[in-house]
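Novice: Structure supplied as start32.cif; contents: mmCIF, N, CA and C atoms.
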```
data_structure
loop_
_atom_site.group_PDB
_atom_site.id
_atom_site.type_symbol
_atom_site.label_atom_id
_atom_site.label_comp_id
_atom_site.auth_asym_id
_atom_site.auth_seq_id
_atom_site.Cartn_x
_atom_site.Cartn_y
_atom_site.Cartn_z
ATOM 1 N N MET A 164 -219.401 61.399 -107.691
ATOM 2 C CA MET A 164 -219.529 62.055 -106.415
ATOM 3 C C MET A 164 -219.673 61.017 -105.315
ATOM 4 N N ALA A 165 -218.991 61.244 -104.225
ATOM 5 C CA ALA A 165 -219.096 60.332 -103.080
ATOM 6 C C ALA A 165 -220.291 60.730 -102.229
ATOM 7 N N LYS A 166 -221.018 59.725 -101.791
ATOM 8 C CA LYS A 166 -222.143 59.989 -100.901
ATOM 9 C C LYS A 166 -221.618 60.157 -99.482
ATOM 10 N N HIS A 167 -222.213 61.071 -98.779
ATOM 11 C CA HIS A 167 -221.852 61.266 -97.372
ATOM 12 C C HIS A 167 -222.810 60.447 -96.527
ATOM 13 N N MET A 168 -222.228 59.641 -95.659
ATOM 14 C CA MET A 168 -223.060 58.823 -94.781
ATOM 15 C C MET A 168 -223.388 59.619 -93.528
ATOM 16 N N LYS A 169 -224.626 59.513 -93.082
ATOM 17 C CA LYS A 169 -225.028 60.156 -91.842
ATOM 18 C C LYS A 169 -224.483 59.336 -90.679
ATOM 19 N N PRO A 170 -224.039 60.004 -89.632
ATOM 20 C CA PRO A 170 -223.593 59.237 -88.471
ATOM 21 C C PRO A 170 -224.780 58.518 -87.834
ATOM 22 N N GLU A 171 -224.503 57.369 -87.255
ATOM 23 C CA GLU A 171 -225.567 56.619 -86.597
ATOM 24 C C GLU A 171 -226.029 57.377 -85.361
ATOM 25 N N PRO A 172 -227.303 57.247 -85.002
ATOM 26 C CA PRO A 172 -227.784 57.872 -83.769
ATOM 27 C C PRO A 172 -227.004 57.332 -82.565
ATOM 28 N N PHE A 173 -226.919 58.158 -81.525
ATOM 29 C CA PHE A 173 -226.147 57.811 -80.333
ATOM 30 C C PHE A 173 -226.599 56.489 -79.721
ATOM 31 N N ASP A 174 -227.915 56.253 -79.642
ATOM 32 C CA ASP A 174 -228.389 55.009 -79.033
ATOM 33 C C ASP A 174 -227.951 53.793 -79.849
ATOM 34 N N ARG A 175 -227.888 53.935 -81.148
ATOM 35 C CA ARG A 175 -227.432 52.836 -82.007
ATOM 36 C C ARG A 175 -225.938 52.576 -81.806
ATOM 37 N N GLN A 176 -225.174 53.639 -81.654
ATOM 38 C CA GLN A 176 -223.744 53.487 -81.381
ATOM 39 C C GLN A 176 -223.523 52.762 -80.059
ATOM 40 N N LEU A 177 -224.302 53.131 -79.045
ATOM 41 C CA LEU A 177 -224.189 52.463 -77.743
ATOM 42 C C LEU A 177 -224.555 50.991 -77.852
ATOM 43 N N LEU A 178 -225.632 50.703 -78.553
ATOM 44 C CA LEU A 178 -226.063 49.318 -78.718
ATOM 45 C C LEU A 178 -224.982 48.500 -79.419
ATOM 46 N N ASP A 179 -224.398 49.047 -80.458
ATOM 47 C CA ASP A 179 -223.322 48.348 -81.164
ATOM 48 C C ASP A 179 -222.139 48.084 -80.238
ATOM 49 N N ALA A 180 -221.804 49.054 -79.390
ATOM 50 C CA ALA A 180 -220.692 48.877 -78.446
ATOM 51 C C ALA A 180 -221.003 47.775 -77.441
ATOM 52 N N PHE A 181 -222.217 47.749 -76.922
ATOM 53 C CA PHE A 181 -222.593 46.696 -75.975
ATOM 54 C C PHE A 181 -222.563 45.323 -76.637
ATOM 55 N N LYS A 182 -222.989 45.255 -77.880
ATOM 56 C CA LYS A 182 -222.992 43.961 -78.574
ATOM 57 C C LYS A 182 -221.582 43.410 -78.741
ATOM 58 N N VAL A 183 -220.602 44.287 -78.892
ATOM 59 C CA VAL A 183 -219.208 43.839 -78.971
ATOM 60 C C VAL A 183 -218.799 43.182 -77.651
ATOM 61 N N LEU A 184 -219.248 43.753 -76.543
ATOM 62 C CA LEU A 184 -218.915 43.210 -75.225
ATOM 63 C C LEU A 184 -219.694 41.940 -74.910
ATOM 64 N N ASP A 185 -220.853 41.782 -75.521
ATOM 65 C CA ASP A 185 -221.759 40.663 -75.240
ATOM 66 C C ASP A 185 -221.443 39.486 -76.162
ATOM 67 N N LYS A 186 -220.369 38.802 -75.847
ATOM 68 C CA LYS A 186 -219.889 37.720 -76.718
ATOM 69 C C LYS A 186 -220.853 36.539 -76.816
ATOM 70 N N GLU A 187 -221.703 36.353 -75.808
ATOM 71 C CA GLU A 187 -222.662 35.243 -75.821
ATOM 72 C C GLU A 187 -224.042 35.671 -76.313
ATOM 73 N N SER A 188 -224.177 36.913 -76.723
ATOM 74 C CA SER A 188 -225.446 37.462 -77.236
ATOM 75 C C SER A 188 -226.611 37.244 -76.278
ATOM 76 N N THR A 189 -226.396 37.572 -75.008
ATOM 77 C CA THR A 189 -227.446 37.407 -74.005
ATOM 78 C C THR A 189 -228.322 38.646 -73.861
ATOM 79 N N GLY A 190 -227.823 39.788 -74.350
ATOM 80 C CA GLY A 190 -228.574 41.031 -74.189
ATOM 81 C C GLY A 190 -228.352 41.673 -72.831
ATOM 82 N N SER A 191 -227.394 41.130 -72.072
ATOM 83 C CA SER A 191 -227.137 41.672 -70.746
ATOM 84 C C SER A 191 -225.641 41.797 -70.492
ATOM 85 N N ILE A 192 -225.322 42.570 -69.455
ATOM 86 C CA ILE A 192 -223.939 42.775 -69.039
ATOM 87 C C ILE A 192 -223.926 42.869 -67.521
ATOM 88 N N SER A 193 -222.868 42.383 -66.905
ATOM 89 C CA SER A 193 -222.800 42.451 -65.443
ATOM 90 C C SER A 193 -222.556 43.897 -65.017
ATOM 91 N N VAL A 194 -223.152 44.249 -63.892
ATOM 92 C CA VAL A 194 -222.977 45.590 -63.352
ATOM 93 C C VAL A 194 -221.497 45.826 -63.046
ATOM 94 N N THR A 195 -220.820 44.803 -62.553
ATOM 95 C CA THR A 195 -219.396 44.920 -62.233
ATOM 96 C C THR A 195 -218.575 45.266 -63.471
ATOM 97 N N GLU A 196 -218.824 44.556 -64.570
ATOM 98 C CA GLU A 196 -218.092 44.819 -65.811
ATOM 99 C C GLU A 196 -218.415 46.209 -66.356
ATOM 100 N N LEU A 197 -219.694 46.570 -66.338
ATOM 101 C CA LEU A 197 -220.101 47.882 -66.836
ATOM 102 C C LEU A 197 -219.494 48.993 -65.985
ATOM 103 N N ARG A 198 -219.490 48.814 -64.660
ATOM 104 C CA ARG A 198 -218.885 49.807 -63.762
ATOM 105 C C ARG A 198 -217.408 50.001 -64.127
ATOM 106 N N HIS A 199 -216.703 48.898 -64.312
ATOM 107 C CA HIS A 199 -215.279 48.984 -64.651
ATOM 108 C C HIS A 199 -215.077 49.759 -65.952
ATOM 109 N N ILE A 200 -215.847 49.430 -66.957
ATOM 110 C CA ILE A 200 -215.701 50.072 -68.264
ATOM 111 C C ILE A 200 -216.002 51.566 -68.188
ATOM 112 N N LEU A 201 -217.117 51.915 -67.570
ATOM 113 C CA LEU A 201 -217.555 53.313 -67.582
ATOM 114 C C LEU A 201 -216.801 54.215 -66.612
ATOM 115 N N THR A 202 -216.134 53.633 -65.614
ATOM 116 C CA THR A 202 -215.391 54.465 -64.665
ATOM 117 C C THR A 202 -213.883 54.444 -64.902
ATOM 118 N N SER A 203 -213.431 53.662 -65.886
ATOM 119 C CA SER A 203 -211.982 53.596 -66.074
ATOM 120 C C SER A 203 -211.506 53.722 -67.520
ATOM 121 N N ILE A 204 -212.415 53.760 -68.481
ATOM 122 C CA ILE A 204 -212.017 53.802 -69.888
ATOM 123 C C ILE A 204 -212.668 55.005 -70.567
ATOM 124 N N GLY A 205 -211.916 55.681 -71.404
ATOM 125 C CA GLY A 205 -212.466 56.793 -72.185
ATOM 126 C C GLY A 205 -212.867 57.965 -71.311
ATOM 127 N N GLU A 206 -214.020 58.555 -71.613
ATOM 128 C CA GLU A 206 -214.539 59.649 -70.795
ATOM 129 C C GLU A 206 -215.143 59.032 -69.546
ATOM 130 N N LYS A 207 -214.363 59.009 -68.495
ATOM 131 C CA LYS A 207 -214.720 58.274 -67.286
ATOM 132 C C LYS A 207 -215.857 58.928 -66.516
ATOM 133 N N LEU A 208 -216.762 58.082 -66.040
ATOM 134 C CA LEU A 208 -217.792 58.530 -65.109
ATOM 135 C C LEU A 208 -217.221 58.460 -63.701
ATOM 136 N N GLU A 209 -217.689 59.332 -62.849
ATOM 137 C CA GLU A 209 -217.375 59.203 -61.428
ATOM 138 C C GLU A 209 -218.193 58.025 -60.895
ATOM 139 N N PRO A 210 -217.661 57.276 -59.934
ATOM 140 C CA PRO A 210 -218.427 56.150 -59.375
ATOM 141 C C PRO A 210 -219.818 56.558 -58.890
ATOM 142 N N ALA A 211 -219.953 57.747 -58.304
ATOM 143 C CA ALA A 211 -221.264 58.214 -57.837
ATOM 144 C C ALA A 211 -222.226 58.410 -59.010
ATOM 145 N N GLU A 212 -221.714 58.904 -60.136
ATOM 146 C CA GLU A 212 -222.554 59.060 -61.332
ATOM 147 C C GLU A 212 -223.030 57.704 -61.824
ATOM 148 N N PHE A 213 -222.117 56.733 -61.851
ATOM 149 C CA PHE A 213 -222.487 55.388 -62.282
ATOM 150 C C PHE A 213 -223.572 54.827 -61.367
ATOM 151 N N ASP A 214 -223.389 54.980 -60.058
ATOM 152 C CA ASP A 214 -224.373 54.471 -59.097
ATOM 153 C C ASP A 214 -225.746 55.083 -59.340
ATOM 154 N N GLU A 215 -225.770 56.373 -59.665
ATOM 155 C CA GLU A 215 -227.040 57.047 -59.942
ATOM 156 C C GLU A 215 -227.708 56.448 -61.177
ATOM 157 N N TRP A 216 -226.927 56.219 -62.236
ATOM 158 C CA TRP A 216 -227.482 55.644 -63.465
ATOM 159 C C TRP A 216 -227.977 54.231 -63.242
ATOM 160 N N ILE A 217 -227.226 53.441 -62.497
ATOM 161 C CA ILE A 217 -227.564 52.028 -62.349
ATOM 162 C C ILE A 217 -228.808 51.850 -61.471
ATOM 163 N N ARG A 218 -229.075 52.818 -60.580
ATOM 164 C CA ARG A 218 -230.275 52.749 -59.742
ATOM 165 C C ARG A 218 -231.550 52.822 -60.568
ATOM 166 N N GLU A 219 -231.452 53.369 -61.761
ATOM 167 C CA GLU A 219 -232.627 53.580 -62.593
ATOM 168 C C GLU A 219 -232.983 52.391 -63.481
ATOM 169 N N VAL A 220 -232.206 51.321 -63.422
ATOM 170 C CA VAL A 220 -232.508 50.132 -64.216
ATOM 171 C C VAL A 220 -232.637 48.925 -63.293
ATOM 172 N N ASP A 221 -233.326 47.910 -63.780
ATOM 173 C CA ASP A 221 -233.504 46.688 -63.002
ATOM 174 C C ASP A 221 -232.249 45.833 -63.087
ATOM 175 N N VAL A 222 -231.714 45.497 -61.920
ATOM 176 C CA VAL A 222 -230.563 44.601 -61.853
ATOM 177 C C VAL A 222 -231.095 43.226 -61.478
ATOM 178 N N GLY A 223 -230.782 42.226 -62.298
ATOM 179 C CA GLY A 223 -231.245 40.869 -62.040
ATOM 180 C C GLY A 223 -230.554 40.247 -60.839
ATOM 181 N N SER A 224 -231.100 39.145 -60.377
ATOM 182 C CA SER A 224 -230.505 38.435 -59.237
ATOM 183 C C SER A 224 -229.107 37.923 -59.570
ATOM 184 N N ASP A 225 -228.789 37.851 -60.859
ATOM 185 C CA ASP A 225 -227.458 37.415 -61.293
ATOM 186 C C ASP A 225 -226.467 38.580 -61.391
ATOM 187 N N GLY A 226 -226.919 39.795 -61.008
ATOM 188 C CA GLY A 226 -226.036 40.961 -61.043
ATOM 189 C C GLY A 226 -225.876 41.567 -62.419
ATOM 190 N N LYS A 227 -226.792 41.235 -63.324
ATOM 191 C CA LYS A 227 -226.709 41.751 -64.695
ATOM 192 C C LYS A 227 -227.886 42.665 -65.004
ATOM 193 N N ILE A 228 -227.664 43.528 -65.981
ATOM 194 C CA ILE A 228 -228.737 44.386 -66.484
ATOM 195 C C ILE A 228 -228.900 44.148 -67.974
ATOM 196 N N ARG A 229 -230.113 44.390 -68.460
ATOM 197 C CA ARG A 229 -230.333 44.361 -69.911
ATOM 198 C C ARG A 229 -229.805 45.677 -70.453
ATOM 199 N N TYR A 230 -228.847 45.594 -71.353
ATOM 200 C CA TYR A 230 -228.220 46.839 -71.798
ATOM 201 C C TYR A 230 -229.141 47.699 -72.638
ATOM 202 N N GLU A 231 -230.152 47.137 -73.263
ATOM 203 C CA GLU A 231 -231.094 47.976 -74.011
ATOM 204 C C GLU A 231 -231.869 48.879 -73.056
ATOM 205 N N ASP A 232 -232.200 48.365 -71.855
ATOM 206 C CA ASP A 232 -232.867 49.190 -70.842
ATOM 207 C C ASP A 232 -231.942 50.315 -70.377
ATOM 208 N N PHE A 233 -230.678 49.963 -70.157
ATOM 209 C CA PHE A 233 -229.695 50.947 -69.711
ATOM 210 C C PHE A 233 -229.530 52.049 -70.757
ATOM 211 N N ILE A 234 -229.440 51.671 -72.018
ATOM 212 C CA ILE A 234 -229.292 52.646 -73.103
ATOM 213 C C ILE A 234 -230.512 53.562 -73.160
ATOM 214 N N ALA A 235 -231.698 52.990 -73.038
ATOM 215 C CA ALA A 235 -232.925 53.797 -73.081
ATOM 216 C C ALA A 235 -232.913 54.853 -71.982
ATOM 217 N N ARG A 236 -232.452 54.473 -70.795
ATOM 218 C CA ARG A 236 -232.375 55.437 -69.683
ATOM 219 C C ARG A 236 -231.334 56.516 -69.965
ATOM 220 N N MET A 237 -230.188 56.116 -70.511
ATOM 221 C CA MET A 237 -229.125 57.077 -70.799
ATOM 222 C C MET A 237 -229.574 58.093 -71.841
ATOM 223 N N VAL A 238 -230.220 57.619 -72.877
ATOM 224 C CA VAL A 238 -230.641 58.489 -73.976
ATOM 225 C C VAL A 238 -231.769 59.418 -73.529
ATOM 226 N N ALA A 239 -232.609 58.965 -72.609
ATOM 227 C CA ALA A 239 -233.737 59.763 -72.139
ATOM 228 C C ALA A 239 -233.292 60.946 -71.281
ATOM 229 N N LYS A 240 -232.100 60.872 -70.714
ATOM 230 C CA LYS A 240 -231.620 61.956 -69.829
ATOM 231 C C LYS A 240 -231.189 63.161 -70.603
#
```
Re-express the file's structure as structure tokens.
Specialist:
Amino acid sequence: MAKHMKPEPFDRQLLDAFKVLDKESTGSISVTELRHILTSIGEKLEPAEFDEWIREVDVGSDGKIRYEDFIARMVAK
């Protein structure tokens, strides 16, 4: 009998996706890159929706956010 694997939780799937984008393993992503991805690929967010989400996380002086913080906010909604 084949075992059925449970799908990974949504937050884990998001984390895995961010890690693919984070080639230097910094734990962060630029707001510009994230905006491009989320408003132009797959199930696109409206720019206003993205702006609302990004307001809820700390953006560093380098224009980057910690994606684990972003995921936590997304999952909490």
Novice: Between A:Met237, A:Asp179, A:Pro172, A:Tyr230, single out the one closest to Trp216 in chain A, counting only N, CA and C atoms.
Specialist: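 Selected residue with least distance to Trp216 in chain A: A:Met237.
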Novice: Which polymer residues have any atom within 8 Å of an atom of Pro210 in chain A, counting all atoms listed in the file, with same-chain residues fewer than 4 positions away left out, as a list in words?
Specialist: Arg198, Leu201, Thr202, Asp214, Glu215 and Trp216 of chain A
Novice: Residues at most 12 Å from Asp174 in chain A, counting only C-alpha atoms, excluding those fewer than 2 positions away in the same chain, as a PyMOL selection string?
Specialist: chain A and resi 170-172+176-181+230-240
Novice: Here is a test: counting all atoms listed in the file, which residue of A:Val183, A:Glu206, A:Arg175, A:Val194 is nearest to Lys227 in chain A?
Specialist: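 Looking only at the distances to Lys227 in chain A, the closest residue turns out to be A:Val194.
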Novice: Show me, as JSON, the centre and edge lengths in Å to one decimal of the axis-aligned box that covers every listed atom of range 192-198 of chain A with 5 Å on each side.
Specialist:
```
{"center_x": -221.4, "center_y": 46.2, "center_z": -65.8, "size_x": 17.9, "size_y": 17.6, "size_z": 17.2}
```
Novice: Would you list the contacts of Ile192 in chain A as a ChimeraX atom specification, taking every protein, DNA or RNA residue within 7 Å and counting all atoms listed in the file, but skipping same-chain residues closer than 2 positions in sequence?
Specialist: /A:185,189-190,194-197,226-230
Novice: If I take atom N of Ile217 in chain A and atom N of His199 in chain A, how far is one from the other in Å, to one decimal?
Specialist: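 Interatomic distance, atom N of Ile217 in chain A to atom N of His199 in chain A: 11.6 Å.
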Novice: Pull the helix (DSSP H, G or I) assignments for range 187-226 of chain A out of DSSP run on the backbone, and list those residues as a ChimeraX atom specification.
Specialist: /A:194-203,210-218
Novice: So what do you get for CA of Arg218 in chain A versus atom N of Lys186 in chain A, distance-wise?
Specialist: 23.5 Å
